[in-house]
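Structure file my_file_23.cif; described as mmCIF, C-alpha atoms and all ligand atoms.
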data_coords
#
loop_
_atom_site.label_atom_id
_atom_site.label_comp_id
_atom_site.auth_asym_id
_atom_site.auth_seq_id
_atom_site.Cartn_x
_atom_site.Cartn_y
_atom_site.Cartn_z
CA MET E 1 66.38 90.95 92.65
CA ALA E 2 68.36 88.58 90.47
CA ARG E 3 71.86 88.07 91.77
CA ARG E 4 74.49 88.92 89.14
CA LYS E 5 76.86 86.02 88.82
CA ILE E 6 80.60 86.26 89.54
CA ALA E 7 83.45 84.43 87.83
CA ALA E 8 86.44 84.83 90.15
CA GLY E 9 89.90 83.50 89.37
CA ASN E 10 92.37 82.60 92.10
CA TRP E 11 95.87 82.28 90.68
CA LYS E 12 97.36 81.23 94.04
CA MET E 13 101.21 81.31 93.93
CA ASN E 14 101.36 81.31 90.14
CA GLY E 15 102.17 84.03 87.63
CA LEU E 16 105.09 86.19 86.57
CA ALA E 17 105.15 89.58 84.87
CA ALA E 18 104.74 87.94 81.45
CA SER E 19 101.45 86.39 82.57
CA ILE E 20 99.80 89.74 81.87
CA ALA E 21 99.22 88.32 78.37
CA GLU E 22 96.52 86.08 79.89
CA LEU E 23 94.80 89.12 81.40
CA GLN E 24 94.97 90.92 78.06
CA LYS E 25 93.15 88.01 76.42
CA LEU E 26 90.64 87.81 79.25
CA THR E 27 89.70 91.48 78.87
CA GLU E 28 88.64 90.71 75.30
CA THR E 29 85.88 88.39 76.58
CA THR E 30 82.52 90.07 76.79
CA ALA E 31 80.99 89.15 80.10
CA ALA E 32 77.48 89.48 81.41
CA CYS E 33 78.75 88.62 84.89
CA ASP E 34 81.24 90.21 87.29
CA VAL E 35 84.79 89.04 86.57
CA ILE E 36 87.39 89.24 89.34
CA LEU E 37 90.95 88.02 88.83
CA CYS E 38 93.12 87.49 91.93
CA PRO E 39 96.78 87.21 90.89
CA PRO E 40 99.65 87.07 93.41
CA ALA E 41 100.30 90.36 95.23
CA THR E 42 103.35 91.09 93.07
CA LEU E 43 101.14 91.45 90.00
CA ILE E 44 98.19 93.40 91.38
CA GLN E 45 99.41 96.85 90.42
CA SER E 46 100.32 96.02 86.82
CA PHE E 47 97.19 93.91 86.36
CA ALA E 48 94.93 96.64 87.74
CA ALA E 49 96.50 99.13 85.34
CA GLN E 50 96.06 96.72 82.43
CA ALA E 51 92.46 95.82 83.36
CA ASP E 52 91.64 99.52 83.71
CA ASP E 53 87.98 99.95 82.72
CA SER E 54 87.71 96.63 80.86
CA GLY E 55 85.21 95.32 83.39
CA VAL E 56 87.70 92.83 84.85
CA GLN E 57 88.31 93.63 88.51
CA ILE E 58 91.52 92.72 90.29
CA GLY E 59 91.58 91.18 93.77
CA GLY E 60 94.08 90.03 96.38
CA GLN E 61 94.31 86.51 97.81
CA ASP E 62 94.77 87.43 101.47
CA CYS E 63 95.37 90.48 103.67
CA HIS E 64 96.65 91.22 107.14
CA THR E 65 94.23 92.53 109.74
CA ALA E 66 96.30 95.66 110.48
CA THR E 67 96.62 98.74 108.28
CA SER E 68 100.42 98.82 108.52
CA GLY E 69 103.17 97.93 110.95
CA ALA E 70 105.81 95.39 111.95
CA HIS E 71 104.47 92.34 110.09
CA THR E 72 107.28 91.14 107.86
CA GLY E 73 106.07 89.65 104.60
CA ASP E 74 102.43 90.60 105.07
CA VAL E 75 100.28 92.85 102.92
CA SER E 76 97.48 95.03 104.28
CA ALA E 77 94.07 95.54 102.71
CA GLU E 78 94.94 99.22 102.31
CA MET E 79 98.02 98.24 100.27
CA LEU E 80 95.92 96.02 98.02
CA ARG E 81 93.48 98.85 97.51
CA ASP E 82 96.32 101.28 96.82
CA ALA E 83 97.65 98.88 94.17
CA GLY E 84 94.27 98.86 92.44
CA ALA E 85 92.45 95.86 93.95
CA THR E 86 88.73 96.08 94.61
CA ALA E 87 88.29 92.73 96.37
CA VAL E 88 90.25 90.23 98.45
CA ILE E 89 89.85 86.53 99.18
CA VAL E 90 89.97 85.75 102.91
CA GLY E 91 89.95 82.40 104.67
CA HIS E 92 90.86 80.23 101.71
CA SER E 93 91.32 76.66 102.97
CA GLU E 94 94.99 76.80 102.00
CA ARG E 95 95.37 79.74 104.41
CA ARG E 96 93.29 78.01 107.07
CA GLN E 97 95.48 74.88 106.71
CA ASP E 98 98.95 76.25 105.90
CA HIS E 99 98.80 79.30 108.15
CA GLY E 100 96.51 78.09 110.92
CA GLU E 101 93.87 80.71 110.22
CA THR E 102 90.73 80.31 112.32
CA SER E 103 87.32 81.76 111.59
CA ASP E 104 88.16 84.51 114.12
CA THR E 105 91.19 85.47 112.03
CA VAL E 106 89.15 85.34 108.86
CA ARG E 107 86.47 87.58 110.37
CA ALA E 108 89.09 90.16 111.33
CA LYS E 109 90.52 90.00 107.81
CA ALA E 110 87.08 90.56 106.29
CA GLU E 111 86.70 93.62 108.52
CA ALA E 112 90.10 94.85 107.35
CA ALA E 113 88.97 94.40 103.75
CA TRP E 114 85.86 96.52 104.35
CA ARG E 115 87.91 99.16 106.17
CA ALA E 116 90.00 99.53 103.03
CA GLY E 117 86.95 99.60 100.77
CA LEU E 118 87.46 96.09 99.39
CA MET E 119 84.83 93.44 98.90
CA ALA E 120 85.61 90.37 101.03
CA ILE E 121 85.34 86.96 99.36
CA ILE E 122 85.04 84.74 102.44
CA CYS E 123 85.86 81.06 101.84
CA VAL E 124 84.36 78.15 103.74
CA GLY E 125 84.31 74.40 103.15
CA GLU E 126 84.62 71.02 104.82
CA THR E 127 87.46 68.51 104.56
CA GLU E 128 86.92 65.04 103.16
CA ALA E 129 87.02 63.51 106.66
CA GLU E 130 84.37 65.94 107.86
CA ARG E 131 82.13 65.09 104.91
CA ASP E 132 82.63 61.34 105.47
CA GLN E 133 81.58 61.83 109.09
CA GLY E 134 78.38 63.58 107.96
CA LYS E 135 79.56 66.90 109.41
CA ALA E 136 79.75 69.00 106.23
CA LEU E 137 76.67 71.11 106.94
CA ASP E 138 77.65 71.72 110.57
CA ILE E 139 81.21 72.69 109.69
CA VAL E 140 80.13 75.10 106.97
CA ARG E 141 77.48 76.65 109.24
CA LEU E 142 80.11 77.21 111.92
CA GLN E 143 82.55 78.69 109.43
CA VAL E 144 79.97 81.05 107.92
CA GLY E 145 78.76 82.14 111.37
CA GLY E 146 82.31 82.57 112.68
CA SER E 147 83.88 84.21 109.65
CA LEU E 148 81.22 86.79 108.81
CA PRO E 149 81.61 90.10 110.66
CA ALA E 150 78.58 92.08 111.78
CA GLY E 151 77.63 94.49 109.01
CA ALA E 152 77.91 92.11 106.05
CA THR E 153 75.94 93.25 103.02
CA PRO E 154 75.53 91.92 99.48
CA ALA E 155 77.82 94.78 98.36
CA ASN E 156 80.74 94.18 100.72
CA THR E 157 80.73 90.38 101.00
CA VAL E 158 80.67 87.26 98.87
CA ILE E 159 80.81 83.73 100.28
CA ALA E 160 82.72 81.02 98.42
CA TYR E 161 81.85 77.44 99.33
CA GLU E 162 84.88 75.32 98.50
CA PRO E 163 84.93 71.72 99.75
CA VAL E 164 88.60 71.15 100.56
CA TRP E 165 88.60 67.72 98.92
CA ALA E 166 87.41 69.20 95.61
CA ILE E 167 90.18 71.81 95.35
CA GLY E 168 92.71 70.91 92.67
CA THR E 169 91.60 67.27 92.61
CA GLY E 170 89.23 67.13 89.63
CA ARG E 171 86.55 65.84 92.01
CA VAL E 172 83.31 67.79 92.34
CA PRO E 173 80.36 67.16 94.68
CA SER E 174 77.11 66.01 93.07
CA PRO E 175 74.70 68.77 92.00
CA GLU E 176 72.42 67.63 94.84
CA ASP E 177 75.18 68.03 97.41
CA ILE E 178 76.12 71.47 96.07
CA ALA E 179 72.45 72.51 96.14
CA GLU E 180 72.07 71.26 99.71
CA ILE E 181 75.06 73.18 101.06
CA HIS E 182 74.32 76.36 99.11
CA GLY E 183 70.71 76.31 100.28
CA ASP E 184 71.91 75.83 103.83
CA ILE E 185 74.40 78.70 103.53
CA ARG E 186 71.58 80.94 102.27
CA ALA E 187 69.46 79.92 105.29
CA THR E 188 72.38 80.57 107.67
CA LEU E 189 72.90 84.00 106.10
CA GLN E 190 69.19 84.73 106.56
CA THR E 191 69.52 84.14 110.31
CA ILE E 192 72.53 86.49 110.45
CA ILE E 193 71.67 89.36 108.09
CA GLY E 194 67.96 88.84 107.51
CA ASP E 195 66.34 89.48 104.15
CA ALA E 196 69.55 90.92 102.65
CA ALA E 197 70.69 87.29 102.53
CA SER E 198 68.68 86.78 99.38
CA ASP E 199 70.95 89.24 97.53
CA LEU E 200 74.32 88.03 98.88
CA ARG E 201 76.23 85.98 96.36
CA VAL E 202 77.44 82.48 97.21
CA LEU E 203 80.05 81.03 94.85
CA TYR E 204 81.05 77.41 94.39
CA GLY E 205 84.76 76.57 94.15
CA GLY E 206 86.70 73.34 93.68
CA SER E 207 87.65 71.88 90.29
CA VAL E 208 85.42 74.20 88.26
CA LYS E 209 86.42 73.67 84.60
CA PRO E 210 85.10 74.81 81.21
CA GLY E 211 83.36 71.45 80.91
CA ASN E 212 81.37 71.57 84.17
CA ALA E 213 80.92 75.30 84.82
CA ALA E 214 77.54 75.75 83.12
CA GLU E 215 76.04 72.79 84.97
CA ILE E 216 77.36 73.98 88.35
CA PHE E 217 76.31 77.62 87.82
CA ALA E 218 72.77 76.49 86.99
CA ILE E 219 72.31 74.95 90.45
CA GLU E 220 69.97 76.87 92.74
CA ASN E 221 71.76 79.32 95.04
CA VAL E 222 75.04 79.04 93.12
CA ASP E 223 75.96 82.55 92.04
CA GLY E 224 79.12 81.78 90.11
CA GLY E 225 82.48 80.26 90.87
CA LEU E 226 85.87 80.73 92.48
CA VAL E 227 88.25 79.07 90.06
CA GLY E 228 91.84 78.04 90.70
CA GLY E 229 93.73 76.02 88.10
CA ALA E 230 91.33 76.72 85.23
CA SER E 231 91.69 80.48 85.69
CA LEU E 232 95.40 80.48 84.79
CA LYS E 233 94.79 80.25 81.05
CA ALA E 234 92.55 82.93 79.55
CA GLU E 235 91.21 80.44 77.03
CA ASP E 236 89.78 78.23 79.80
CA PHE E 237 88.74 81.02 82.14
CA SER E 238 86.94 82.88 79.33
CA GLN E 239 84.76 79.81 78.77
CA ILE E 240 83.93 79.75 82.48
CA VAL E 241 83.16 83.50 82.38
CA ARG E 242 80.77 82.89 79.48
CA ALA E 243 79.13 80.02 81.37
CA ALA E 244 78.47 82.45 84.23
CA GLY E 245 76.55 84.81 81.95
P1 LIG E 301 90.71 74.67 91.77
O1 LIG E 301 90.92 75.67 93.01
O2 LIG E 301 89.74 75.34 90.82
O3 LIG E 301 92.09 74.54 91.18
O4 LIG E 301 90.17 73.40 92.32
C1 LIG E 301 89.85 76.41 93.53
C2 LIG E 301 90.32 77.27 94.67
O5 LIG E 301 91.13 76.82 95.49
O6 LIG E 301 89.89 78.45 94.80
#
Can the structure from this file be put into structure tokens for me?
Ligand code: PGA
Amino acid sequence: MARRKIAAGNWKMNGLAASIAELQKLTETTAACDVILCPPATLIQSFAAQADDSGVQIGGQDCHTATSGAHTGDVSAEMLRDAGATAVIVGHSERRQDHGETSDTVRAKAEAAWRAGLMAIICVGETEAERDQGKALDIVRLQVGGSLPAGATPANTVIAYEPVWAIGTGRVPSPEDIAEIHGDIRATLQTIIGDAASDLRVLYGGSVKPGNAAEIFAIENVDGGLVGGASLKAEDFSQIVRAAG
């Protein structure tokens, strides 16, 4: 079965109420891929209402592991779902670095996402030092193995490979390096979930731009992209969406 590509936008800590104009423009793009926009939590409800049945899905950028409780400042997967999200990013490297999230935490968050009926977009990726030491494949294997809960399916999970050194830097690995890691992730998934691995989508993220998206999305085992900076402007993100299909 051909894997339908995904163009996912991660707005990080950017966007105010007026930014809904970008979503309005984005919904005018006809897409032959899945489009998921992940604005900050404050905008999920209004964005989900605006996106409605346009085909653009709205996602969160993180969730707590618990359903509710004494966790000041946190947002649960159930709350994201209640606000209209259908997916949530977990384990982004900025969360792993800034908030000390381990693969154990990320796995629990992915389970929370499923519990709430959200698709989990699980992020993995090596640092520059790890790549320089020749450890990229090992690190990513460990992160995939450690972050994926039992019960992952192509419907409830997407993996996003994002080399930390490529995020927000304008630097992108060579097509050969992307192909190597994505092929290895597919093989790792095969050992964990068996033949279903061939249907589970693996995105590339890190400095995806309108100018390089088509080339990156054409690489074997790359099923679309997780896009940060270039997803903030509908004009740029629409070009990336079109490159995805
Ligand atoms: P970038 O971010 O596209 O700005 O490099 C990607 C990400 O962090 O998801």
Compute the set of protein, DNA and RNA residues whose minimum atom distance to ligand LIG 301 (chain E) is at most 9 Å, using all atoms listed in the file, and state it as a PDB file with C-alpha atoms, in the frame of the given file.
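Below is the file that was written, selection.pdb:
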ATOM      1  CA  ALA E   8      86.440  84.830  90.150  1.00  0.00           C
ATOM      2  CA  GLY E   9      89.900  83.500  89.370  1.00  0.00           C
ATOM      3  CA  ASN E  10      92.370  82.600  92.100  1.00  0.00           C
ATOM      4  CA  TRP E  11      95.870  82.280  90.680  1.00  0.00           C
ATOM      5  CA  LYS E  12      97.360  81.230  94.040  1.00  0.00           C
ATOM      6  CA  HIS E  92      90.860  80.230 101.710  1.00  0.00           C
ATOM      7  CA  SER E  93      91.320  76.660 102.970  1.00  0.00           C
ATOM      8  CA  GLU E  94      94.990  76.800 102.000  1.00  0.00           C
ATOM      9  CA  CYS E 123      85.860  81.060 101.840  1.00  0.00           C
ATOM     10  CA  ALA E 160      82.720  81.020  98.420  1.00  0.00           C
ATOM     11  CA  GLU E 162      84.880  75.320  98.500  1.00  0.00           C
ATOM     12  CA  VAL E 164      88.600  71.150 100.560  1.00  0.00           C
ATOM     13  CA  TRP E 165      88.600  67.720  98.920  1.00  0.00           C
ATOM     14  CA  ALA E 166      87.410  69.200  95.610  1.00  0.00           C
ATOM     15  CA  ILE E 167      90.180  71.810  95.350  1.00  0.00           C
ATOM     16  CA  GLY E 168      92.710  70.910  92.670  1.00  0.00           C
ATOM     17  CA  THR E 169      91.600  67.270  92.610  1.00  0.00           C
ATOM     18  CA  GLY E 170      89.230  67.130  89.630  1.00  0.00           C
ATOM     19  CA  ARG E 171      86.550  65.840  92.010  1.00  0.00           C
ATOM     20  CA  VAL E 172      83.310  67.790  92.340  1.00  0.00           C
ATOM     21  CA  TYR E 204      81.050  77.410  94.390  1.00  0.00           C
ATOM     22  CA  GLY E 205      84.760  76.570  94.150  1.00  0.00           C
ATOM     23  CA  GLY E 206      86.700  73.340  93.680  1.00  0.00           C
ATOM     24  CA  SER E 207      87.650  71.880  90.290  1.00  0.00           C
ATOM     25  CA  VAL E 208      85.420  74.200  88.260  1.00  0.00           C
ATOM     26  CA  LYS E 209      86.420  73.670  84.600  1.00  0.00           C
ATOM     27  CA  GLY E 225      82.480  80.260  90.870  1.00  0.00           C
ATOM     28  CA  LEU E 226      85.870  80.730  92.480  1.00  0.00           C
ATOM     29  CA  VAL E 227      88.250  79.070  90.060  1.00  0.00           C
ATOM     30  CA  GLY E 228      91.840  78.040  90.700  1.00  0.00           C
ATOM     31  CA  GLY E 229      93.730  76.020  88.100  1.00  0.00           C
ATOM     32  CA  ALA E 230      91.330  76.720  85.230  1.00  0.00           C
ATOM     33  CA  SER E 231      91.690  80.480  85.690  1.00  0.00           C
TER      34      SER E 231
END
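Counting from CA of Asp132 (chain E), the distance to CA of Ala179 (chain E) is 17.8 Å.
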* Choose the residue, out of E:Ile178, E:Ala77, E:Val35, E:Leu148, that has the smallest atom-to-atom separation from Arg107 (chain E); count all atoms listed in the file. => E:Leu148
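Closest approach to Asp138 (chain E) from the set E:Val222, E:Ile181, E:Ala66, E:Ala152 is made by E:Ile181, with distances taken over only C-alpha atoms.
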* **Between CA of Asp199 (chain E) and CA of Asn156 (chain E), distance in Å (one decimal)** => 11.4 Å
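The residue that comes closest to Glu130 (chain E), out of E:Thr72, E:Ala244, E:Ala187, E:Pro163 and on the basis of only C-alpha atoms, is E:Pro163.
Ranking E:Pro154, E:Pro173, E:Gly59, E:Pro210 by their shortest atom-to-atom distance to Ala2 (chain E), with all atoms listed in the file included, puts E:Pro154 first.
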Can you tell me which residues surround Val202 (chain E) at a distance of at most 9 Å, considering all atoms listed in the file, apart from same-chain residues fewer than 3 positions away, and format the answer as a short mmCIF file (atom, residue, chain, number, x, y, z; two decimals) with C-alpha atoms, keeping the file's coordinate frame?
data_model
loop_
_atom_site.label_atom_id
_atom_site.label_comp_id
_atom_site.auth_asym_id
_atom_site.auth_seq_id
_atom_site.Cartn_x
_atom_site.Cartn_y
_atom_site.Cartn_z
CA VAL E 158 80.67 87.26 98.87
CA ILE E 159 80.81 83.73 100.28
CA ALA E 160 82.72 81.02 98.42
CA TYR E 161 81.85 77.44 99.33
CA HIS E 182 74.32 76.36 99.11
CA ILE E 185 74.40 78.70 103.53
CA ARG E 186 71.58 80.94 102.27
CA ASN E 221 71.76 79.32 95.04
CA VAL E 222 75.04 79.04 93.12
CA ASP E 223 75.96 82.55 92.04
CA GLY E 224 79.12 81.78 90.11
CA GLY E 225 82.48 80.26 90.87
#
* To do: Excluding Asp104 (chain E) and any residue of its chain fewer than 2 positions from it, enumerate the residues within 12 Å of it, using only C-alpha atoms, and give them as a list of chain:residue names.
  => E:Thr65, E:Val90, E:Gly91, E:Arg96, E:Gly100, E:Glu101, E:Thr102, E:Val106, E:Arg107, E:Ala108, E:Lys109, E:Ala110, E:Glu111, E:Leu142, E:Gln143, E:Val144, E:Gly145, E:Gly146, E:Ser147, E:Leu148, E:Pro149
* Please measure the separation of CA of Asp52 (chain E) and CA of Leu80 (chain E), giving the value in Å to one decimal. => 15.3 Å
Identify, on the basis of all atoms listed in the file, every residue whose closest approach to Ile44 (chain E) does not exceed 8 Å; exclude the query and any residue fewer than 4 positions from it along the same chain; express the result as a PDB file with C-alpha atoms, in the coordinates of the input.
ATOM      1  CA  CYS E  38      93.120  87.490  91.930  1.00  0.00           C
ATOM      2  CA  PRO E  39      96.780  87.210  90.890  1.00  0.00           C
ATOM      3  CA  PRO E  40      99.650  87.070  93.410  1.00  0.00           C
ATOM      4  CA  ALA E  48      94.930  96.640  87.740  1.00  0.00           C
ATOM      5  CA  ILE E  58      91.520  92.720  90.290  1.00  0.00           C
ATOM      6  CA  GLY E  59      91.580  91.180  93.770  1.00  0.00           C
ATOM      7  CA  GLY E  60      94.080  90.030  96.380  1.00  0.00           C
ATOM      8  CA  LEU E  80      95.920  96.020  98.020  1.00  0.00           C
ATOM      9  CA  ALA E  83      97.650  98.880  94.170  1.00  0.00           C
ATOM     10  CA  GLY E  84      94.270  98.860  92.440  1.00  0.00           C
ATOM     11  CA  ALA E  85      92.450  95.860  93.950  1.00  0.00           C
TER      12      ALA E  85
END
* Taking into account only C-alpha atoms, which residue in the set E:Glu235, E:Arg141, E:Ala112, E:Thr153 is nearest to Val124 (chain E)? -> E:Arg141
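Restricting the calculation to only C-alpha atoms, the smallest distance between Gly117 (chain E) and any of E:Gln45, E:Asp177, E:Glu78, E:Val140 is found for E:Glu78.
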